[in-house]
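Engineer: This is the content of final08.json (JSON, C-alpha atoms and all ligand atoms):
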```json
[["chain", "number", "residue", "atom", "x", "y", "z"],
["A", 248, "VAL", "CA", 0.00, 0.00, 0.00],
["A", 249, "LEU", "CA", 1.47, 3.33, -1.04],
["A", 250, "ALA", "CA", 1.75, 5.20, 2.25],
["A", 251, "LEU", "CA", 3.11, 8.63, 1.37],
["A", 252, "GLN", "CA", -0.08, 10.46, 2.37],
["A", 253, "GLY", "CA", -3.81, 9.88, 2.70],
["A", 254, "ALA", "CA", -6.04, 6.96, 3.69],
["A", 255, "PHE", "CA", -3.55, 4.11, 3.44],
["A", 256, "ALA", "CA", -4.16, 2.65, 6.92],
["A", 257, "GLU", "CA", -7.79, 1.87, 6.05],
["A", 258, "HIS", "CA", -6.73, -0.13, 3.01],
["A", 259, "ARG", "CA", -4.31, -2.15, 5.11],
["A", 260, "GLN", "CA", -7.12, -2.87, 7.59],
["A", 261, "LYS", "CA", -9.31, -4.18, 4.79],
["A", 262, "LEU", "CA", -6.54, -6.47, 3.59],
["A", 263, "GLU", "CA", -5.98, -7.70, 7.12],
["A", 264, "GLN", "CA", -9.70, -8.44, 7.45],
["A", 265, "LEU", "CA", -9.40, -10.54, 4.31],
["A", 266, "GLY", "CA", -6.39, -12.38, 5.68],
["A", 267, "VAL", "CA", -3.87, -10.78, 3.34],
["A", 268, "GLU", "CA", -0.46, -9.51, 4.40],
["A", 269, "SER", "CA", 0.48, -5.99, 3.36],
["A", 270, "PHE", "CA", 3.22, -3.47, 3.94],
["A", 271, "GLU", "CA", 3.64, 0.27, 3.56],
["A", 272, "ILE", "CA", 5.63, 1.85, 0.79],
["A", 273, "ARG", "CA", 7.15, 5.01, 2.21],
["A", 274, "GLN", "CA", 10.43, 5.12, 0.36],
["A", 275, "LEU", "CA", 12.30, 3.54, -2.49],
["A", 276, "LYS", "CA", 13.78, 0.72, -0.41],
["A", 277, "ASP", "CA", 10.27, -0.42, 0.60],
["A", 278, "TRP", "CA", 9.44, -0.86, -3.04],
["A", 279, "ASP", "CA", 12.01, -3.64, -3.42],
["A", 280, "GLN", "CA", 10.06, -5.99, -1.17],
["A", 281, "PRO", "CA", 8.24, -8.77, -3.00],
["A", 282, "LYS", "CA", 4.59, -7.93, -3.70],
["A", 283, "ASP", "CA", 1.64, -9.23, -5.68],
["A", 284, "GLY", "CA", -0.18, -5.92, -6.05],
["A", 285, "LEU", "CA", -0.26, -2.24, -5.21],
["A", 286, "ILE", "CA", -2.96, -0.05, -3.67],
["A", 287, "ILE", "CA", -2.84, 3.71, -4.14],
["A", 288, "PRO", "CA", -5.04, 5.42, -1.52],
["A", 289, "GLY", "CA", -7.17, 8.52, -1.59],
["A", 290, "GLY", "CA", -5.82, 11.75, -0.23],
["A", 291, "GLU", "CA", -4.24, 14.60, -2.13],
["A", 292, "SER", "CA", -2.99, 13.60, -5.55],
["A", 293, "THR", "CA", -0.72, 16.63, -6.03],
["A", 294, "THR", "CA", 1.12, 15.83, -2.79],
["A", 295, "GLN", "CA", 1.36, 12.14, -3.57],
["A", 296, "ALA", "CA", 2.67, 12.85, -7.08],
["A", 297, "LYS", "CA", 5.26, 15.29, -5.73],
["A", 298, "LEU", "CA", 6.47, 12.75, -3.16],
["A", 299, "LEU", "CA", 6.54, 9.92, -5.71],
["A", 300, "ASN", "CA", 8.84, 12.07, -7.83],
["A", 301, "GLU", "CA", 11.02, 13.31, -4.99],
["A", 302, "LEU", "CA", 11.52, 9.82, -3.57],
["A", 303, "GLY", "CA", 12.41, 8.35, -6.95],
["A", 304, "LEU", "CA", 9.36, 6.09, -6.83],
["A", 305, "MET", "CA", 7.40, 7.43, -9.80],
["A", 306, "GLN", "CA", 9.27, 5.60, -12.56],
["A", 307, "PRO", "CA", 9.65, 2.23, -10.79],
["A", 308, "VAL", "CA", 5.94, 2.23, -9.91],
["A", 309, "LYS", "CA", 4.96, 3.14, -13.45],
["A", 310, "ASP", "CA", 7.28, 0.52, -14.97],
["A", 311, "ALA", "CA", 5.91, -2.19, -12.67],
["A", 312, "ILE", "CA", 2.29, -1.38, -13.56],
["A", 313, "VAL", "CA", 3.08, -1.34, -17.27],
["A", 314, "ALA", "CA", 4.80, -4.71, -16.80],
["A", 315, "GLY", "CA", 1.58, -6.10, -15.28],
["A", 316, "LEU", "CA", 1.65, -5.46, -11.52],
["A", 317, "PRO", "CA", -2.02, -5.38, -10.40],
["A", 318, "VAL", "CA", -2.95, -1.93, -9.05],
["A", 319, "TYR", "CA", -6.03, -0.57, -7.32],
["A", 320, "GLY", "CA", -6.40, 3.20, -6.90],
["A", 321, "THR", "CA", -9.07, 5.09, -4.99],
["A", 322, "CYS", "CA", -9.88, 8.77, -5.49],
["A", 323, "ALA", "CA", -6.45, 10.49, -5.49],
["A", 324, "GLY", "CA", -5.19, 7.07, -6.58],
["A", 325, "LEU", "CA", -7.47, 7.26, -9.61],
["A", 326, "ILE", "CA", -6.10, 10.71, -10.43],
["A", 327, "LEU", "CA", -2.52, 9.41, -10.25],
["A", 328, "LEU", "CA", -3.36, 6.54, -12.59],
["A", 329, "ALA", "CA", -5.24, 8.67, -15.15],
["A", 330, "LYS", "CA", -3.43, 9.48, -18.38],
["A", 331, "ASN", "CA", -5.38, 12.71, -18.77],
["A", 332, "ILE", "CA", -6.63, 15.18, -16.19],
["A", 333, "GLU", "CA", -8.64, 18.15, -17.40],
["A", 334, "GLY", "CA", -6.47, 21.25, -17.36],
["A", 335, "GLU", "CA", -3.42, 19.70, -15.72],
["A", 336, "PRO", "CA", -0.07, 18.55, -17.06],
["A", 337, "SER", "CA", 0.91, 14.94, -16.60],
["A", 338, "HIS", "CA", 3.26, 14.45, -13.66],
["A", 339, "ARG", "CA", 1.50, 11.27, -12.68],
["A", 340, "ILE", "CA", 1.80, 7.53, -13.04],
["A", 341, "ALA", "CA", -0.49, 7.88, -16.06],
["A", 342, "THR", "CA", -0.99, 4.24, -16.97],
["A", 343, "MET", "CA", -4.77, 4.21, -17.39],
["A", 344, "ASP", "CA", -6.37, 5.48, -20.58],
["A", 345, "ILE", "CA", -9.03, 7.66, -19.00],
["A", 346, "THR", "CA", -9.72, 11.37, -18.79],
["A", 347, "ALA", "CA", -10.74, 12.50, -15.30],
["A", 348, "LEU", "CA", -11.76, 15.77, -13.73],
["A", 349, "ARG", "CA", -10.38, 16.61, -10.28],
["A", 350, "ASN", "CA", -12.70, 17.94, -7.59],
["A", 351, "ALA", "CA", -15.43, 17.30, -10.12],
["A", 352, "TYR", "CA", -18.38, 17.72, -7.77],
["A", 353, "GLY", "CA", -17.45, 21.25, -6.76],
["A", 354, "ARG", "CA", -17.00, 22.57, -3.27],
["A", 355, "GLN", "CA", -20.61, 22.59, -2.17],
["A", 356, "LEU", "CA", -21.25, 18.99, -3.09],
["A", 357, "GLY", "CA", -17.68, 18.00, -2.47],
["A", 358, "SER", "CA", -18.52, 15.13, -0.18],
["A", 359, "PHE", "CA", -21.45, 12.74, -0.24],
["A", 360, "TYR", "CA", -22.43, 9.14, 0.35],
["A", 361, "ILE", "CA", -24.47, 6.95, -1.94],
["A", 362, "GLU", "CA", -25.17, 3.27, -2.50],
["A", 363, "ALA", "CA", -25.05, 2.17, -6.10],
["A", 364, "PRO", "CA", -24.52, -0.96, -8.17],
["A", 365, "MET", "CA", -21.19, -2.03, -9.52],
["A", 366, "LYS", "CA", -20.52, -4.50, -12.31],
["A", 367, "GLY", "CA", -19.45, -7.94, -11.12],
["A", 368, "ILE", "CA", -20.79, -7.46, -7.58],
["A", 369, "GLU", "CA", -24.28, -8.33, -6.37],
["A", 370, "GLY", "CA", -26.31, -5.64, -4.61],
["A", 371, "ASN", "CA", -25.28, -2.08, -3.95],
["A", 372, "ILE", "CA", -21.85, -0.82, -2.96],
["A", 373, "PRO", "CA", -21.43, 1.90, -0.32],
["A", 374, "MET", "CA", -19.59, 4.78, -1.97],
["A", 375, "THR", "CA", -18.11, 7.71, -0.06],
["A", 376, "PHE", "CA", -17.10, 10.62, -2.26],
["A", 377, "ILE", "CA", -14.71, 13.16, -0.73],
["A", 378, "ARG", "CA", -13.76, 16.03, -3.04],
["A", 379, "ALA", "CA", -13.78, 13.30, -5.60],
["A", 380, "PRO", "CA", -12.93, 13.20, -9.26],
["A", 381, "TYR", "CA", -15.11, 11.57, -11.87],
["A", 382, "ILE", "CA", -14.13, 10.07, -15.17],
["A", 383, "GLU", "CA", -15.22, 12.06, -18.18],
["A", 384, "SER", "CA", -14.26, 9.60, -20.86],
["A", 385, "VAL", "CA", -12.51, 6.29, -21.37],
["A", 386, "LYS", "CA", -10.57, 4.89, -24.30],
["A", 387, "PRO", "CA", -11.48, 1.52, -25.86],
["A", 388, "GLY", "CA", -10.41, -1.36, -23.67],
["A", 389, "VAL", "CA", -11.37, 0.38, -20.44],
["A", 390, "GLU", "CA", -14.31, -1.36, -18.78],
["A", 391, "ILE", "CA", -16.82, 0.83, -16.95],
["A", 392, "LEU", "CA", -17.72, -0.76, -13.59],
["A", 393, "ALA", "CA", -19.96, 1.92, -12.06],
["A", 394, "GLU", "CA", -21.73, 5.15, -12.90],
["A", 395, "VAL", "CA", -23.40, 7.59, -10.54],
["A", 396, "ASP", "CA", -25.64, 10.38, -11.87],
["A", 397, "GLY", "CA", -24.41, 9.78, -15.38],
["A", 398, "HIS", "CA", -20.73, 10.03, -14.44],
["A", 399, "ILE", "CA", -18.27, 7.17, -14.56],
["A", 400, "VAL", "CA", -16.91, 6.46, -11.07],
["A", 401, "ALA", "CA", -15.26, 3.04, -11.35],
["A", 402, "VAL", "CA", -13.26, 1.42, -14.13],
["A", 403, "LYS", "CA", -11.05, -1.54, -14.89],
["A", 404, "TYR", "CA", -8.30, -1.58, -17.46],
["A", 405, "GLN", "CA", -6.15, -4.68, -17.84],
["A", 406, "ASN", "CA", -4.34, -5.04, -14.47],
["A", 407, "GLN", "CA", -5.72, -1.76, -13.08],
["A", 408, "ILE", "CA", -8.84, -0.88, -11.07],
["A", 409, "ALA", "CA", -9.67, 2.72, -10.23],
["A", 410, "LEU", "CA", -12.51, 4.17, -8.16],
["A", 411, "ALA", "CA", -13.49, 7.81, -7.73],
["A", 412, "PHE", "CA", -14.88, 7.04, -4.28],
["A", 413, "HIS", "CA", -13.42, 5.72, -1.04],
["A", 414, "GLN", "CA", -14.32, 2.10, -0.63],
["A", 415, "GLU", "CA", -11.99, 1.58, 2.29],
["A", 416, "LEU", "CA", -14.05, 3.85, 4.56],
["A", 417, "SER", "CA", -17.01, 1.47, 4.66],
["A", 418, "ASP", "CA", -17.34, -1.99, 6.19],
["A", 419, "ASP", "CA", -17.67, -3.50, 2.75],
["A", 420, "THR", "CA", -14.74, -5.63, 1.61],
["A", 421, "ARG", "CA", -16.11, -6.77, -1.74],
["A", 422, "ILE", "CA", -14.05, -4.48, -3.97],
["A", 423, "HIS", "CA", -10.86, -5.41, -2.13],
["A", 424, "GLN", "CA", -11.89, -9.02, -2.66],
["A", 425, "MET", "CA", -12.42, -8.24, -6.37],
["A", 426, "PHE", "CA", -8.89, -6.86, -6.49],
["A", 427, "LEU", "CA", -7.51, -9.96, -4.74],
["A", 428, "ASP", "CA", -9.37, -12.18, -7.21],
["A", 429, "MET", "CA", -7.84, -10.18, -10.05],
["A", 430, "ILE", "CA", -4.37, -10.76, -8.57],
["A", 431, "LYS", "CA", -5.02, -14.50, -8.33],
["A", 501, "LIG", "N1", -9.43, 16.11, -4.42],
["A", 501, "LIG", "C1", -8.32, 15.23, -4.20],
["A", 501, "LIG", "C2", -7.26, 15.38, -5.29],
["A", 501, "LIG", "O1", -7.48, 16.06, -6.23],
["A", 501, "LIG", "C3", -8.78, 13.78, -4.15],
["A", 501, "LIG", "C4", -9.65, 13.59, -2.94],
["A", 501, "LIG", "C5", -9.60, 12.22, -2.35],
["A", 501, "LIG", "O2", -8.72, 11.41, -2.61],
["A", 501, "LIG", "N2", -10.55, 11.99, -1.49],
["A", 501, "LIG", "O3", -6.21, 14.80, -5.16]]
```
As structure tokens, please, write out the structure in this file.

Structural biologist:
Amino acid sequence: VLALQGAFAEHRQKLEQLGVESFEIRQLKDWDQPKDGLIIPGGESTTQAKLLNELGLMQPVKDAIVAGLPVYGTCAGLILLAKNIEGEPSHRIATMDITALRNAYGRQLGSFYIEAPMKGIEGNIPMTFIRAPYIESVKPGVEILAEVDGHIVAVKYQNQIALAFHQELSDDTRIHQMFLDMIK
């Protein structure tokens, strides 16, 4: 779990609940540990991107994802994975062929909770949006997993899953399980 900033502890808790070992990536030497997947948490994408660059982690992370390492990003994690962000240059991991809009719900409606369906999972998923992005468009090959109010909020692309909302803040472990199944 990338642990430079943001809600990384909650992701680790979810993995623990599911009986999966995890560790925190805080610096380059942590990255060398063997791993089957990577989670990029929500938080502040600008800060996370800056730290990834400063710590020399940006390129190794990007190379590993391109080489097939399974990755799951939530909120700021989605922003870091997006190839295109409206109105911003690319200093990100940029491995997912989507165009996203940061802070897309504006300040007034910046944070909200909703339950909505998601492809591949039965019943509704609790979704907590906190100054969240949404995905404006996806390139062919990107599978749309969930939409809320006509906006794409969850996608899968090859070895990558990205959500606009925070899944780790609810009791629900089904998306983490989906990610673990993808790794298997
Ligand atoms: N608004 C934040 C950003 O642009 C993302 C918010 C979040 O991760 N909850 O990085």

Engineer: How big is the axis-aligned box around all listed atoms of ligand LIG 501 (chain A) once 8 Å goes on each side, and where's its centre, in Å to one decimal, as AutoDock Vina command-line options?

Structural biologist:
```
--center_x -8.4 --center_y 13.8 --center_z -3.9 --size_x 20.3 --size_y 20.7 --size_z 20.7
```

Engineer: Calculated over only C-alpha atoms and all ligand atoms, which of the candidates A:Arg378, A:Lys261, A:Lys276, A:His398 has the smallest distance to ligand LIG 501 (chain A)?

Structural biologist: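 The shortest atom-to-atom distance to ligand LIG 501 (chain A) comes from A:Arg378.
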
Engineer: Collect all residues with atoms no farther than 8 Å from ligand LIG 501 (chain A), counting only C-alpha atoms and all ligand atoms, and output them as a list in words.

Structural biologist: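 Final answer, ordered by chain and number: Gly253, Pro288, Gly289, Gly290, Glu291, Ser292, Thr293, Thr294, Thr321, Cys322, Ala323, Gly324, Ile326, Arg349, Asn350, Phe376, Ile377, Arg378, Ala379, Pro380, Ala411, Phe412 and His413 of chain A.
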
Engineer: Calculate how many Å separate atom CA of A:Thr375 from atom CA of A:Gln274, rounding to one decimal.

Structural biologist: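 Separation of atom CA of A:Thr375 and atom CA of A:Gln274: 28.7 Å.
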
Engineer: Have a look at atom CA of A:Val313 and atom CA of A:Gln264 and let me know their distance in Å, one decimal.

Structural biologist: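 Atom CA of A:Gln264 lies at a distance of 28.7 Å from atom CA of A:Val313.
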
Engineer: Select, counting only C-alpha atoms, all protein, DNA and RNA residues no farther than 12 Å from (-14.1, 8.9, -15.4) in file coordinates, and express the selection as a count of residues only.

Structural biologist: 44

Engineer: Please report the interatomic distance between atom CA of A:Gly284 and atom CA of A:Ile430 in Å with one decimal.

Structural biologist: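 For atom CA of A:Gly284 relative to atom CA of A:Ile430, the distance reads 6.9 Å.
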
Engineer: I'd like the neighbourhood of stretch 404-407 of chain A as a ChimeraX atom specification, where a residue qualifies if any of its atoms comes within 6 Å (using all atoms listed in the file), though same-chain residues fewer than 4 positions away should be ignored.

Structural biologist: /A:317-319,389

Engineer: Go ahead and dump the residues you just picked, C-alpha atoms, as a compact mmCIF listing (two decimals), in the frame of the given file.

Structural biologist:
```txt
# COMPACT_ATOMS: atom_id res chain seq x y z
CA PRO A 317 -2.02 -5.38 -10.40
CA VAL A 318 -2.95 -1.93 -9.05
CA TYR A 319 -6.03 -0.57 -7.32
CA VAL A 389 -11.37 0.38 -20.44
```

Engineer: Using all atoms listed in the file for the distances, tell me which of A:Asp310, A:Pro373, A:Ile286, A:Arg259 is nearest to A:Phe359.

Structural biologist: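 Result for the nearest residue to A:Phe359: A:Pro373.
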
Engineer: With N, CA and C atoms retained, output stretch 330-341 of chain A as a compact mmCIF listing (two decimals), in the first residue's frame.

Structural biologist:
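Okay, this is what ended up in result-v3.txt:
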```
# COMPACT_ATOMS: atom_id res chain seq x y z
N LYS A 330 -4.34 8.89 -17.38
CA LYS A 330 -3.43 9.48 -18.38
C LYS A 330 -3.73 10.96 -18.58
N ASN A 331 -5.01 11.31 -18.52
CA ASN A 331 -5.38 12.71 -18.77
C ASN A 331 -6.22 13.26 -17.63
N ILE A 332 -5.82 14.44 -17.16
CA ILE A 332 -6.63 15.18 -16.19
C ILE A 332 -6.92 16.53 -16.81
N GLU A 333 -8.21 16.87 -16.84
CA GLU A 333 -8.64 18.15 -17.40
C GLU A 333 -7.79 19.30 -16.86
N GLY A 334 -7.15 20.02 -17.74
CA GLY A 334 -6.47 21.25 -17.36
C GLY A 334 -5.20 21.08 -16.56
N GLU A 335 -4.65 19.86 -16.50
CA GLU A 335 -3.42 19.70 -15.72
C GLU A 335 -2.38 18.91 -16.51
N PRO A 336 -1.12 19.30 -16.38
CA PRO A 336 -0.07 18.55 -17.06
C PRO A 336 0.11 17.18 -16.41
N SER A 337 0.76 16.30 -17.11
CA SER A 337 0.91 14.94 -16.60
C SER A 337 2.21 14.77 -15.81
N HIS A 338 2.12 14.84 -14.49
CA HIS A 338 3.26 14.45 -13.66
C HIS A 338 2.78 13.30 -12.79
N ARG A 339 2.14 12.35 -13.43
CA ARG A 339 1.50 11.27 -12.68
C ARG A 339 2.01 9.92 -13.17
N ILE A 340 1.45 8.88 -12.61
CA ILE A 340 1.80 7.53 -13.04
C ILE A 340 1.29 7.33 -14.48
N ALA A 341 0.05 7.79 -14.70
CA ALA A 341 -0.49 7.88 -16.06
C ALA A 341 -0.44 6.58 -16.86
```
